[in-house]
file target_24.txt (compact mmCIF, C-alpha atoms)
# COMPACT_ATOMS: atom_id res chain seq x y z
CA MET A 1 86.69 83.34 118.47
CA ASP A 2 87.92 86.03 116.11
CA ARG A 3 85.96 89.22 116.81
CA TYR A 4 87.16 90.62 113.50
CA ALA A 5 85.98 87.70 111.33
CA ASN A 6 84.34 88.73 108.04
CA THR A 7 85.45 92.37 108.27
CA CYS A 8 87.48 92.30 105.05
CA PRO A 9 85.03 92.70 102.16
CA LEU A 10 87.07 90.62 99.72
CA SER A 11 87.00 86.82 99.49
CA GLN A 12 90.21 84.86 100.02
CA LYS A 13 90.29 84.11 96.29
CA GLN A 14 89.94 87.81 95.49
CA LEU A 15 92.70 88.67 97.96
CA LEU A 16 95.06 86.20 96.31
CA ASP A 17 94.17 87.29 92.82
CA GLU A 18 94.69 90.95 93.68
CA TYR A 19 97.50 90.94 96.24
CA PHE A 20 99.51 87.70 96.01
CA MET A 21 102.30 89.07 93.80
CA GLU A 22 103.19 92.06 95.98
CA HIS A 23 103.26 89.96 99.15
CA ARG A 24 105.25 87.22 97.41
CA ALA A 25 107.85 89.90 96.70
CA GLN A 26 107.81 90.98 100.35
CA VAL A 27 108.42 87.40 101.56
CA LEU A 28 111.38 87.13 99.19
CA ALA A 29 112.75 90.44 100.46
CA LEU A 30 112.67 89.06 104.01
CA ALA A 31 114.33 85.81 102.97
CA ALA A 32 117.05 87.64 101.11
CA PHE A 33 117.69 89.95 104.07
CA LEU A 34 118.14 86.94 106.36
CA ASP A 35 120.52 85.37 103.82
CA ARG A 36 122.44 88.64 103.60
CA PHE A 37 122.68 88.81 107.38
CA GLU A 38 124.24 85.33 107.47
CA ARG A 39 126.61 86.10 104.60
CA SER A 40 127.79 89.23 106.32
CA ALA A 41 131.53 89.99 106.20
CA GLU A 42 131.59 90.25 109.98
CA ARG A 43 129.25 88.29 112.24
CA ASN A 44 129.13 90.84 115.02
CA ALA A 45 125.42 91.19 115.77
CA GLU A 46 124.04 87.68 116.09
CA ASP A 47 122.25 88.61 119.33
CA ASP A 48 121.53 92.24 118.59
CA PHE A 49 118.29 93.31 120.28
CA ARG A 50 116.82 94.31 116.92
CA MET A 51 117.54 90.94 115.36
CA ASN A 52 116.11 89.13 118.38
CA ALA A 53 112.89 91.12 118.09
CA PHE A 54 112.88 90.46 114.35
CA ARG A 55 113.15 86.70 114.88
CA ASP A 56 110.37 86.79 117.47
CA ALA A 57 108.20 88.66 115.00
CA LEU A 58 108.91 86.19 112.20
CA ALA A 59 107.92 83.29 114.44
CA LEU A 60 104.60 84.99 115.12
CA LEU A 61 103.76 85.07 111.44
CA LEU A 62 103.34 81.31 111.38
CA GLU A 63 101.28 81.08 114.56
CA SER A 64 97.58 80.55 114.13
CA GLY A 65 94.95 82.98 115.34
CA PRO A 66 93.89 86.53 114.53
CA GLU A 67 95.65 89.88 114.97
CA ARG A 68 99.12 88.86 113.88
CA ALA A 69 99.93 92.51 113.12
CA ARG A 70 99.09 93.50 116.70
CA ARG A 71 101.17 90.64 118.08
CA VAL A 72 104.13 91.57 115.90
CA GLN A 73 103.82 95.19 117.05
CA LEU A 74 103.95 94.07 120.66
CA ALA A 75 106.99 91.88 119.97
CA MET A 76 108.73 94.99 118.69
CA SER A 77 107.56 97.18 121.62
CA ASP A 78 109.13 98.23 124.89
CA ARG A 79 106.69 96.88 127.44
CA ASN A 80 108.53 98.31 130.41
CA LEU A 81 106.00 100.98 131.30
CA ASP A 82 108.18 102.87 133.78
CA LEU A 83 108.96 106.44 132.82
CA MET A 84 112.62 106.98 131.99
CA ASP A 85 114.39 109.29 134.45
CA GLU A 86 115.96 111.18 131.57
CA ARG A 87 116.11 110.99 127.81
CA ASP A 88 118.71 108.56 126.45
CA GLY A 89 118.61 109.99 122.92
CA GLN A 90 116.27 111.53 120.39
CA SER A 91 115.42 108.53 118.25
CA ALA A 92 113.74 105.17 118.54
CA TYR A 93 115.36 102.00 117.23
CA GLY A 94 112.41 99.86 116.19
CA ALA A 95 112.91 97.27 118.93
CA PRO A 96 113.16 97.54 122.71
CA ILE A 97 116.75 98.34 123.66
CA ARG A 98 116.01 98.32 127.38
CA ALA A 99 115.16 94.64 127.35
CA ALA A 100 118.55 93.51 126.07
CA SER A 101 122.22 94.02 126.70
CA THR A 102 123.88 96.02 123.98
CA GLY A 103 127.26 97.11 122.83
CA SER A 104 126.59 97.76 119.22
CA VAL A 105 126.78 101.12 117.55
CA LEU A 106 123.21 102.27 117.00
CA THR A 107 121.60 104.40 114.39
CA GLY A 108 118.00 105.12 115.22
CA GLU A 109 115.22 106.39 113.04
CA THR A 110 115.54 110.11 112.58
CA GLU A 111 112.10 111.07 111.37
CA GLN A 112 110.16 113.45 113.53
CA MET B 1 87.71 113.05 95.61
CA ASN B 2 88.05 116.04 97.96
CA TYR B 3 90.08 115.34 101.07
CA ILE B 4 91.51 116.99 104.19
CA ASP B 5 95.04 116.11 105.29
CA LEU B 6 94.79 116.55 109.03
CA HIS B 7 98.53 116.20 109.58
CA ALA B 8 100.97 117.70 107.10
CA HIS B 9 104.22 119.54 107.87
CA MET B 10 104.07 121.80 104.86
CA ILE B 11 106.93 123.99 106.05
CA SER B 12 109.14 121.06 105.01
CA ARG B 13 107.54 120.61 101.60
CA THR B 14 107.95 122.42 98.33
CA THR B 15 105.33 124.47 96.55
CA ASP B 16 105.24 121.66 93.97
CA ASP B 17 103.75 119.49 96.71
CA TYR B 18 100.91 121.96 97.28
CA HIS B 19 100.34 121.77 93.54
CA ARG B 20 100.18 117.96 93.55
CA MET B 21 97.94 117.93 96.61
CA ALA B 22 95.55 120.38 94.94
CA LEU B 23 95.49 118.30 91.77
CA THR B 24 94.56 115.21 93.78
CA GLY B 25 91.66 116.86 95.63
CA CYS B 26 93.20 118.30 98.79
CA VAL B 27 91.06 121.17 100.05
CA ALA B 28 92.55 121.71 103.52
CA VAL B 29 95.59 120.81 105.59
CA THR B 30 96.30 121.18 109.27
CA GLU B 31 99.93 121.55 110.27
CA PRO B 32 101.02 120.68 113.80
CA ALA B 33 104.16 122.31 115.19
CA PHE B 34 106.97 119.74 115.17
CA TRP B 35 110.68 119.01 115.41
CA SER B 36 112.79 120.56 112.68
CA GLY B 37 115.29 117.68 112.60
CA ARG B 38 117.54 119.38 115.11
CA ASP B 39 116.85 121.04 118.43
CA ARG B 40 116.13 124.72 117.99
CA LEU B 41 118.56 127.20 119.51
CA GLY B 42 116.09 128.98 121.78
CA PRO B 43 112.60 130.38 122.25
CA LEU B 44 113.02 133.04 119.56
CA ALA B 45 113.35 130.27 116.99
CA PHE B 46 109.92 129.04 118.07
CA ALA B 47 108.42 132.52 117.82
CA ASP B 48 109.71 132.73 114.27
CA TYR B 49 108.34 129.25 113.51
CA PHE B 50 104.88 130.08 114.89
CA ASP B 51 104.83 133.30 112.88
CA HIS B 52 105.71 131.35 109.73
CA LEU B 53 102.93 128.82 110.39
CA THR B 54 100.36 131.58 110.80
CA THR B 55 101.35 133.94 107.98
CA PHE B 56 103.51 132.62 105.15
CA GLU B 57 102.23 129.03 105.08
CA PRO B 58 98.48 129.79 104.85
CA GLU B 59 99.21 132.23 102.05
CA ARG B 60 101.30 129.68 100.16
CA ALA B 61 98.48 127.12 100.50
CA ARG B 62 95.83 129.62 99.44
CA GLN B 63 97.48 130.03 96.06
CA TYR B 64 96.53 126.41 95.37
CA GLY B 65 93.01 126.64 96.75
CA ILE B 66 93.99 124.81 99.93
CA ALA B 67 92.89 126.07 103.35
CA HIS B 68 95.76 125.95 105.86
CA TYR B 69 95.27 125.55 109.61
CA THR B 70 97.84 124.97 112.32
CA TRP B 71 98.51 123.77 115.88
CA LEU B 72 101.14 125.25 118.19
CA CYS B 73 103.42 123.74 120.84
CA LEU B 74 106.90 122.73 121.82
CA ASN B 75 107.17 119.31 120.22
CA PRO B 76 107.81 116.13 122.25
CA LYS B 77 111.36 115.71 120.90
CA GLU B 78 112.35 118.94 122.64
CA GLY B 79 110.08 118.41 125.65
CA GLU B 80 112.95 117.12 127.77
CA ASP B 81 114.26 120.67 128.21
CA ARG B 82 111.96 122.04 130.90
CA GLU B 83 113.38 125.57 130.85
CA LEU B 84 112.92 125.82 127.10
CA ALA B 85 109.40 124.43 127.52
CA ARG B 86 108.54 127.15 130.03
CA GLN B 87 109.82 129.83 127.67
CA VAL B 88 107.97 128.49 124.63
CA LEU B 89 104.74 127.91 126.54
CA ALA B 90 104.84 131.57 127.56
CA LEU B 91 104.98 132.56 123.88
CA ILE B 92 102.05 130.48 122.63
CA PRO B 93 99.09 132.51 124.01
CA GLY B 94 100.25 135.44 121.91
CA PHE B 95 99.57 133.40 118.77
CA LEU B 96 96.35 131.59 119.70
CA ASP B 97 94.07 134.31 118.33
CA ARG B 98 95.53 134.13 114.83
CA PRO B 99 92.86 133.02 112.37
CA ASN B 100 94.34 129.66 111.33
CA VAL B 101 95.29 128.35 114.80
CA LEU B 102 93.01 125.45 115.79
CA GLY B 103 94.65 124.36 119.03
CA ILE B 104 97.64 122.92 120.85
CA GLY B 105 99.71 120.24 119.11
CA GLU B 106 101.35 118.01 118.30
CA ILE B 107 102.16 117.51 121.96
CA GLY B 108 102.93 114.13 123.46
CA LEU B 109 105.87 111.95 124.35
CA ASN B 110 109.02 110.80 122.57
CA ARG B 111 111.21 108.50 124.69
CA VAL B 112 108.62 108.63 127.51
CA THR B 113 110.61 110.41 130.21
CA ARG B 114 109.50 112.24 133.34
CA ASN B 115 110.37 115.63 131.85
CA GLU B 116 108.53 114.87 128.60
CA LEU B 117 105.42 113.99 130.59
CA ALA B 118 105.69 117.19 132.63
CA THR B 119 105.97 119.26 129.44
CA PHE B 120 103.03 117.39 127.92
CA LEU B 121 100.89 118.14 130.97
CA ASP B 122 101.85 121.82 130.87
CA HIS B 123 100.56 121.95 127.30
CA VAL B 124 97.32 120.24 128.32
CA GLU B 125 96.84 122.90 131.01
CA LEU B 126 97.42 125.61 128.42
CA ALA B 127 94.85 124.05 126.10
CA LEU B 128 92.27 123.81 128.88
CA GLU B 129 92.91 127.35 130.02
CA HIS B 130 92.34 128.69 126.50
CA ARG B 131 89.63 126.17 125.45
CA GLN B 132 91.71 124.80 122.60
CA LEU B 133 91.45 121.51 120.73
CA ILE B 134 94.36 119.14 121.41
CA HIS B 135 96.37 117.21 118.86
CA ILE B 136 98.65 114.51 120.29
CA HIS B 137 101.68 112.75 118.83
CA THR B 138 102.26 109.23 120.10
CA PRO B 139 105.87 108.02 120.17
CA HIS B 140 107.68 106.16 117.44
CA LEU B 141 108.24 102.45 117.01
CA GLU B 142 109.10 100.55 120.21
CA ASP B 143 108.06 103.52 122.35
CA LYS B 144 104.57 103.79 120.90
CA TYR B 145 102.87 101.19 123.08
CA LYS B 146 104.05 102.46 126.46
CA GLY B 147 103.81 106.12 125.42
CA THR B 148 100.24 105.76 124.20
CA LYS B 149 99.28 103.94 127.37
CA VAL B 150 100.74 106.71 129.54
CA ILE B 151 99.00 109.42 127.50
CA VAL B 152 95.60 107.72 127.41
CA GLU B 153 95.60 106.80 131.10
CA THR B 154 96.79 110.26 132.15
CA LEU B 155 94.08 112.05 130.17
CA ALA B 156 91.35 109.55 131.05
CA ASN B 157 91.98 110.24 134.73
CA ASP B 158 91.47 113.99 134.29
CA PRO B 159 87.73 114.81 134.47
CA ARG B 160 88.32 118.17 132.79
CA ILE B 161 89.31 116.49 129.54
CA ASP B 162 86.58 115.95 126.94
CA PRO B 163 87.96 113.09 124.80
CA ALA B 164 85.86 114.26 121.84
CA ARG B 165 88.11 117.35 121.65
CA VAL B 166 91.35 115.34 121.61
CA MET B 167 93.01 113.65 118.62
CA ILE B 168 95.58 111.00 119.62
CA ASP B 169 97.49 110.49 116.41
CA HIS B 170 99.84 107.92 114.85
CA ALA B 171 97.83 104.94 116.15
CA GLU B 172 98.68 101.43 114.99
CA GLU B 173 97.36 97.93 115.56
CA HIS B 174 98.55 97.69 119.16
CA THR B 175 97.35 101.13 120.27
CA ALA B 176 94.20 102.06 118.34
CA PRO B 177 91.75 99.98 120.42
CA LEU B 178 93.05 101.50 123.68
CA ILE B 179 92.61 105.04 122.31
CA LEU B 180 89.16 104.42 120.86
CA GLU B 181 87.71 102.66 123.88
CA HIS B 182 88.43 105.80 125.95
CA GLY B 183 86.44 107.97 123.55
CA PHE B 184 89.30 109.89 121.90
CA TRP B 185 89.66 110.54 118.20
CA THR B 186 92.56 108.78 116.59
CA GLY B 187 94.51 108.94 113.38
CA PHE B 188 96.34 106.47 111.16
CA THR B 189 99.45 107.93 109.62
CA LEU B 190 100.26 106.92 106.06
CA TYR B 191 104.01 107.14 106.49
CA PRO B 192 106.35 104.63 104.90
CA ARG B 193 108.63 102.45 107.06
CA THR B 194 107.78 103.74 110.51
CA LYS B 195 104.00 104.09 110.66
CA ALA B 196 101.07 102.63 108.68
CA SER B 197 100.68 101.86 105.00
CA PRO B 198 97.40 102.60 103.22
CA ALA B 199 96.63 98.86 103.29
CA ARG B 200 97.20 98.52 107.03
CA ALA B 201 95.24 101.68 107.78
CA LEU B 202 92.36 100.23 105.84
CA ASP B 203 92.69 96.92 107.71
CA MET B 204 92.28 98.78 110.97
CA ILE B 205 89.25 100.71 109.70
CA GLU B 206 87.69 97.40 108.65
CA MET B 207 88.36 95.94 112.10
CA TYR B 208 87.53 98.89 114.36
CA GLY B 209 84.92 100.68 112.25
CA PRO B 210 85.02 104.27 110.95
CA GLU B 211 83.88 106.05 114.11
CA ARG B 212 86.33 108.75 115.31
CA LEU B 213 89.03 107.60 112.86
CA CYS B 214 90.99 109.72 110.39
CA VAL B 215 93.91 109.15 108.04
CA ALA B 216 96.70 111.63 107.29
CA SER B 217 100.06 111.75 105.54
CA ALA B 218 102.19 113.46 108.21
CA CYS B 219 104.41 114.41 105.28
CA ASP B 220 107.51 116.20 106.51
CA TRP B 221 111.25 116.44 105.79
CA GLY B 222 111.69 112.65 106.07
CA ALA B 223 110.79 109.98 103.54
CA SER B 224 107.06 110.65 103.25
CA ASP B 225 104.33 111.26 100.73
CA PRO B 226 102.21 114.42 100.50
CA VAL B 227 99.70 112.54 98.33
CA ALA B 228 99.43 109.55 100.66
CA ILE B 229 95.69 110.12 101.15
CA PRO B 230 94.92 109.62 97.44
CA GLU B 231 96.92 106.38 97.73
CA PHE B 232 94.62 105.38 100.59
CA VAL B 233 91.56 106.20 98.48
CA LEU B 234 92.93 104.02 95.68
CA GLU B 235 93.54 101.11 98.05
CA ALA B 236 90.03 101.44 99.52
CA ARG B 237 88.50 101.34 96.04
CA ARG B 238 90.67 98.34 95.17
CA ARG B 239 89.09 96.53 98.09
CA GLY B 240 85.60 97.46 97.02
CA HIS B 241 84.71 99.88 99.79
CA SER B 242 81.89 102.33 99.15
CA GLU B 243 82.49 105.93 98.13
CA GLU B 244 80.44 106.90 101.18
CA LEU B 245 82.89 105.20 103.56
CA ILE B 246 85.92 106.58 101.74
CA THR B 247 84.54 110.13 101.78
CA ARG B 248 83.82 109.82 105.47
CA MET B 249 87.39 108.75 106.21
CA VAL B 250 89.17 111.42 104.20
CA TYR B 251 86.72 114.34 104.51
CA GLY B 252 83.75 113.83 106.81
CA ASN B 253 85.57 112.60 109.88
CA PRO B 254 88.40 115.15 109.86
CA ALA B 255 85.84 117.91 109.21
CA ALA B 256 83.78 116.71 112.19
CA PHE B 257 86.76 116.77 114.55
CA LEU B 258 88.22 120.05 113.29
CA GLY B 259 84.80 121.70 113.11
CA GLN B 260 84.76 121.83 116.90
CA SER B 261 86.99 124.87 116.52
CA PRO B 262 84.94 127.94 115.55
CA LYS B 263 87.82 128.96 113.27
CA PHE B 264 87.56 125.89 111.05
CA ARG B 265 85.35 126.31 108.02
CA LEU B 266 84.34 123.44 105.79
CA PRO B 267 86.35 123.97 102.66
CA VAL B 268 84.37 125.35 99.75
CA PRO B 269 85.70 126.22 96.33
CA ALA B 270 87.02 129.77 96.41
CA PRO B 271 88.64 131.87 93.74
CA ILE B 272 92.34 131.20 94.00
CA ASN B 273 93.14 134.65 92.66
CA ALA B 274 91.18 136.55 95.28
CA PRO B 275 93.11 139.69 96.28
CA VAL B 276 95.32 139.20 99.34
CA THR B 277 98.71 140.31 100.50
CA PRO B 278 101.11 138.89 97.94
CA ALA B 279 103.64 136.28 99.01
CA PRO B 280 106.65 135.13 97.06
CA LEU B 281 106.28 131.93 95.08
CA SER B 282 109.97 131.22 94.89
CA THR B 283 112.43 130.67 97.71
CA ASP B 284 115.31 132.67 96.29
call {"tool": "encode", "arguments": {"input": "target_24.txt", "output": "structure tokens"}}
result
Amino acid sequence: MDRYANTCPLSQKQLLDEYFMEHRAQVLALAAFLDRFERSAERNAEDDFRMNAFRDALALLLESGPERARRVQLAMSDRNLDLMDERDGQSAYGAPIRAASTGSVLTGETEQ
Amino acid sequence: MNYIDLHAHMISRTTDDYHRMALTGCVAVTEPAFWSGRDRLGPLAFADYFDHLTTFEPERARQYGIAHYTWLCLNPKEGEDRELARQVLALIPGFLDRPNVLGIGEIGLNRVTRNELATFLDHVELALEHRQLIHIHTPHLEDKYKGTKVIVETLANDPRIDPARVMIDHAEEHTAPLILEHGFWTGFTLYPRTKASPARALDMIEMYGPERLCVASACDWGASDPVAIPEFVLEARRRGHSEELITRMVYGNPAAFLGQSPKFRLPVPAPINAPVTPAPLSTD
């Protein structure tokens, strides 16, 4: 049972009429990014932790059931709840680095 | 529509942004102390920052009819340095009586380390000792879930904490229910790429209801939008939400939380040219 059923005031038809075009563009942006990743001049990050989280998130989009956004957020989250002994850097990466082996050069988000 | 931006780092924005915010209905901002993009060189840099937040910035806002309030702390990005934290915490009480200081913030966690948690707890003690409101930053991206969980569980286990006096900000789909079910206020941050969009913030309001929820821009030196709240208003109208609900989200709710500080006054139209100490309008 979806506890959030009927909370959006618009009908499905209204949602499509109003929002289909912008989300169509977003799907194409994702598809083109995946194409670009495969066409890359150097295939050196096939198993990068960020790409693995990204693929997990994409798979969730096609699963049935409510709260896809929450499930995608969790797929992109570090669920190791132990405190770190010391800071490993200032910035987050968007996907859990602790859950995967790495070796790539990383550039994290730098916003505050 | 009049609105309050509960989280705006105006020190990083131009005077043109105050102008645009005023044109779009902004009547008040609150500015938490934050990371400048690089670690500051020492405690004196924080003293200078706090002085700026409590003198120059409110005067710059006033010239556009915007009330400016602030929160003081050592931000979570620099919380790893315990010695610096001790030095900055010792400075803060000297600023708490200034007329636009509402409380302690934005404190919280960044990479969720032991030292960050210790610095966070020191700030909580300071807030309790001085009966200040608390404004909390939850971590970015992959760190948000665990960091929010640590913050909520730590505060919920402290009987001295009144959750109604605490704003746990930057909530998203995987953290908002946890924050709300413990009685805290929470905020959705309209910040492109790394936080929530107006559409997703509205989704969460539809799902969780409007109680103890606010929206804010968190505009700063990064890619961000000082008129993000008007964008939220537009999206809410596009979905057919009532003006009553929209007003509550962008004005009534932040006013209710902030109004717990005796220093916060509900914004009323005031003559912009009222006589005050002049401040320069240009930066050169």
call {"tool": "interface_residues", "arguments": {"input": "target_24.txt", "of": "chain B", "to": "chain A", "cutoff": "7 Å", "atoms": "only C-alpha atoms", "output": "number ranges by chain"}}
result
B: 35, 37, 77, 80, 111-114, 140-143, 145-146, 173-174, 206-207, 222, 239
call {"tool": "residues_around", "arguments": {"input": "target_24.txt", "residues": "stretch 19-31 of chain B", "least_positions_apart": "2", "cutoff": "6 Å", "atoms": "all atoms listed in the file", "output": "list in words"}}
result
Met1, Asn2, Tyr3, Ile4, Asp5, Leu6, His7, Ala8, His9, Asp16, Asp17, Ile66, Ala67, His68, Tyr69, Thr70 and Val227 of chain B
call {"tool": "atom_distance", "arguments": {"input": "target_24.txt", "atom1": "atom CA of B:Tyr191", "atom2": "atom CA of B:Glu106"}}
result
16.3 Å
call {"tool": "residues_around", "arguments": {"input": "target_24.txt", "residues": "B:Leu234", "least_positions_apart": "3", "cutoff": "12 Å", "atoms": "all atoms listed in the file", "output": "ChimeraX atom specification"}}
result
/B:1,24,198-199,202,227-231,237-243,246,250
call {"tool": "write_last_selection", "arguments": {"input": "target_24.txt", "atoms": "C-alpha atoms", "output": "compact mmCIF listing (two decimals), keeping the file's coordinate frame"}}
result
# COMPACT_ATOMS: atom_id res chain seq x y z
CA MET B 1 87.71 113.05 95.61
CA THR B 24 94.56 115.21 93.78
CA PRO B 198 97.40 102.60 103.22
CA ALA B 199 96.63 98.86 103.29
CA LEU B 202 92.36 100.23 105.84
CA VAL B 227 99.70 112.54 98.33
CA ALA B 228 99.43 109.55 100.66
CA ILE B 229 95.69 110.12 101.15
CA PRO B 230 94.92 109.62 97.44
CA GLU B 231 96.92 106.38 97.73
CA ARG B 237 88.50 101.34 96.04
CA ARG B 238 90.67 98.34 95.17
CA ARG B 239 89.09 96.53 98.09
CA GLY B 240 85.60 97.46 97.02
CA HIS B 241 84.71 99.88 99.79
CA SER B 242 81.89 102.33 99.15
CA GLU B 243 82.49 105.93 98.13
CA ILE B 246 85.92 106.58 101.74
CA VAL B 250 89.17 111.42 104.20
call {"tool": "atom_distance", "arguments": {"input": "target_24.txt", "atom1": "atom CA of A:Arg50", "atom2": "atom CA of A:Phe37"}}
result
12.5 Å
call {"tool": "atom_distance", "arguments": {"input": "target_24.txt", "atom1": "atom CA of B:Pro262", "atom2": "atom CA of B:Pro99"}}
result
9.9 Å
call {"tool": "decode", "arguments": {"input": "target_24.txt", "residues": "stretch 5-44 of chain A", "atoms": "C-alpha atoms", "output": "PDB file, in the first residue's frame"}}
result
ATOM      1  CA  ALA A   5      -1.264   7.788  -2.855  1.00  0.00           C
ATOM      2  CA  ASN A   6      -3.357  10.735  -4.094  1.00  0.00           C
ATOM      3  CA  THR A   7      -1.053  13.382  -2.593  1.00  0.00           C
ATOM      4  CA  CYS A   8      -0.227  15.028  -5.930  1.00  0.00           C
ATOM      5  CA  PRO A   9      -3.134  17.323  -6.813  1.00  0.00           C
ATOM      6  CA  LEU A  10      -2.745  16.895 -10.572  1.00  0.00           C
ATOM      7  CA  SER A  11      -4.170  14.007 -12.604  1.00  0.00           C
ATOM      8  CA  GLN A  12      -1.823  11.780 -14.590  1.00  0.00           C
ATOM      9  CA  LYS A  13      -3.116  13.382 -17.787  1.00  0.00           C
ATOM     10  CA  GLN A  14      -2.404  16.854 -16.392  1.00  0.00           C
ATOM     11  CA  LEU A  15       1.091  15.774 -15.330  1.00  0.00           C
ATOM     12  CA  LEU A  16       1.858  14.526 -18.827  1.00  0.00           C
ATOM     13  CA  ASP A  17       0.403  17.570 -20.510  1.00  0.00           C
ATOM     14  CA  GLU A  18       2.365  19.920 -18.273  1.00  0.00           C
ATOM     15  CA  TYR A  19       5.636  18.088 -17.597  1.00  0.00           C
ATOM     16  CA  PHE A  20       6.253  15.423 -20.262  1.00  0.00           C
ATOM     17  CA  MET A  21       8.549  17.531 -22.456  1.00  0.00           C
ATOM     18  CA  GLU A  22      11.009  18.533 -19.732  1.00  0.00           C
ATOM     19  CA  HIS A  23      11.299  14.966 -18.442  1.00  0.00           C
ATOM     20  CA  ARG A  24      11.623  13.595 -21.979  1.00  0.00           C
ATOM     21  CA  ALA A  25      14.647  15.872 -22.314  1.00  0.00           C
ATOM     22  CA  GLN A  26      16.063  14.578 -19.033  1.00  0.00           C
ATOM     23  CA  VAL A  27      15.748  10.942 -20.175  1.00  0.00           C
ATOM     24  CA  LEU A  28      17.585  11.811 -23.385  1.00  0.00           C
ATOM     25  CA  ALA A  29      20.318  13.549 -21.391  1.00  0.00           C
ATOM     26  CA  LEU A  30      20.828  10.353 -19.376  1.00  0.00           C
ATOM     27  CA  ALA A  31      20.889   8.198 -22.507  1.00  0.00           C
ATOM     28  CA  ALA A  32      23.388  10.474 -24.184  1.00  0.00           C
ATOM     29  CA  PHE A  33      25.624  10.489 -21.100  1.00  0.00           C
ATOM     30  CA  LEU A  34      25.685   6.678 -21.079  1.00  0.00           C
ATOM     31  CA  ASP A  35      26.517   6.676 -24.814  1.00  0.00           C
ATOM     32  CA  ARG A  36      29.282   9.213 -24.193  1.00  0.00           C
ATOM     33  CA  PHE A  37      30.675   7.077 -21.381  1.00  0.00           C
ATOM     34  CA  GLU A  38      30.899   4.082 -23.734  1.00  0.00           C
ATOM     35  CA  ARG A  39      32.424   6.141 -26.539  1.00  0.00           C
ATOM     36  CA  SER A  40      35.061   7.491 -24.211  1.00  0.00           C
ATOM     37  CA  ALA A  41      38.615   7.768 -25.568  1.00  0.00           C
ATOM     38  CA  GLU A  42      39.888   5.723 -22.634  1.00  0.00           C
ATOM     39  CA  ARG A  43      37.799   3.076 -20.895  1.00  0.00           C
ATOM     40  CA  ASN A  44      39.388   3.465 -17.492  1.00  0.00           C
TER      41      ASN A  44
END
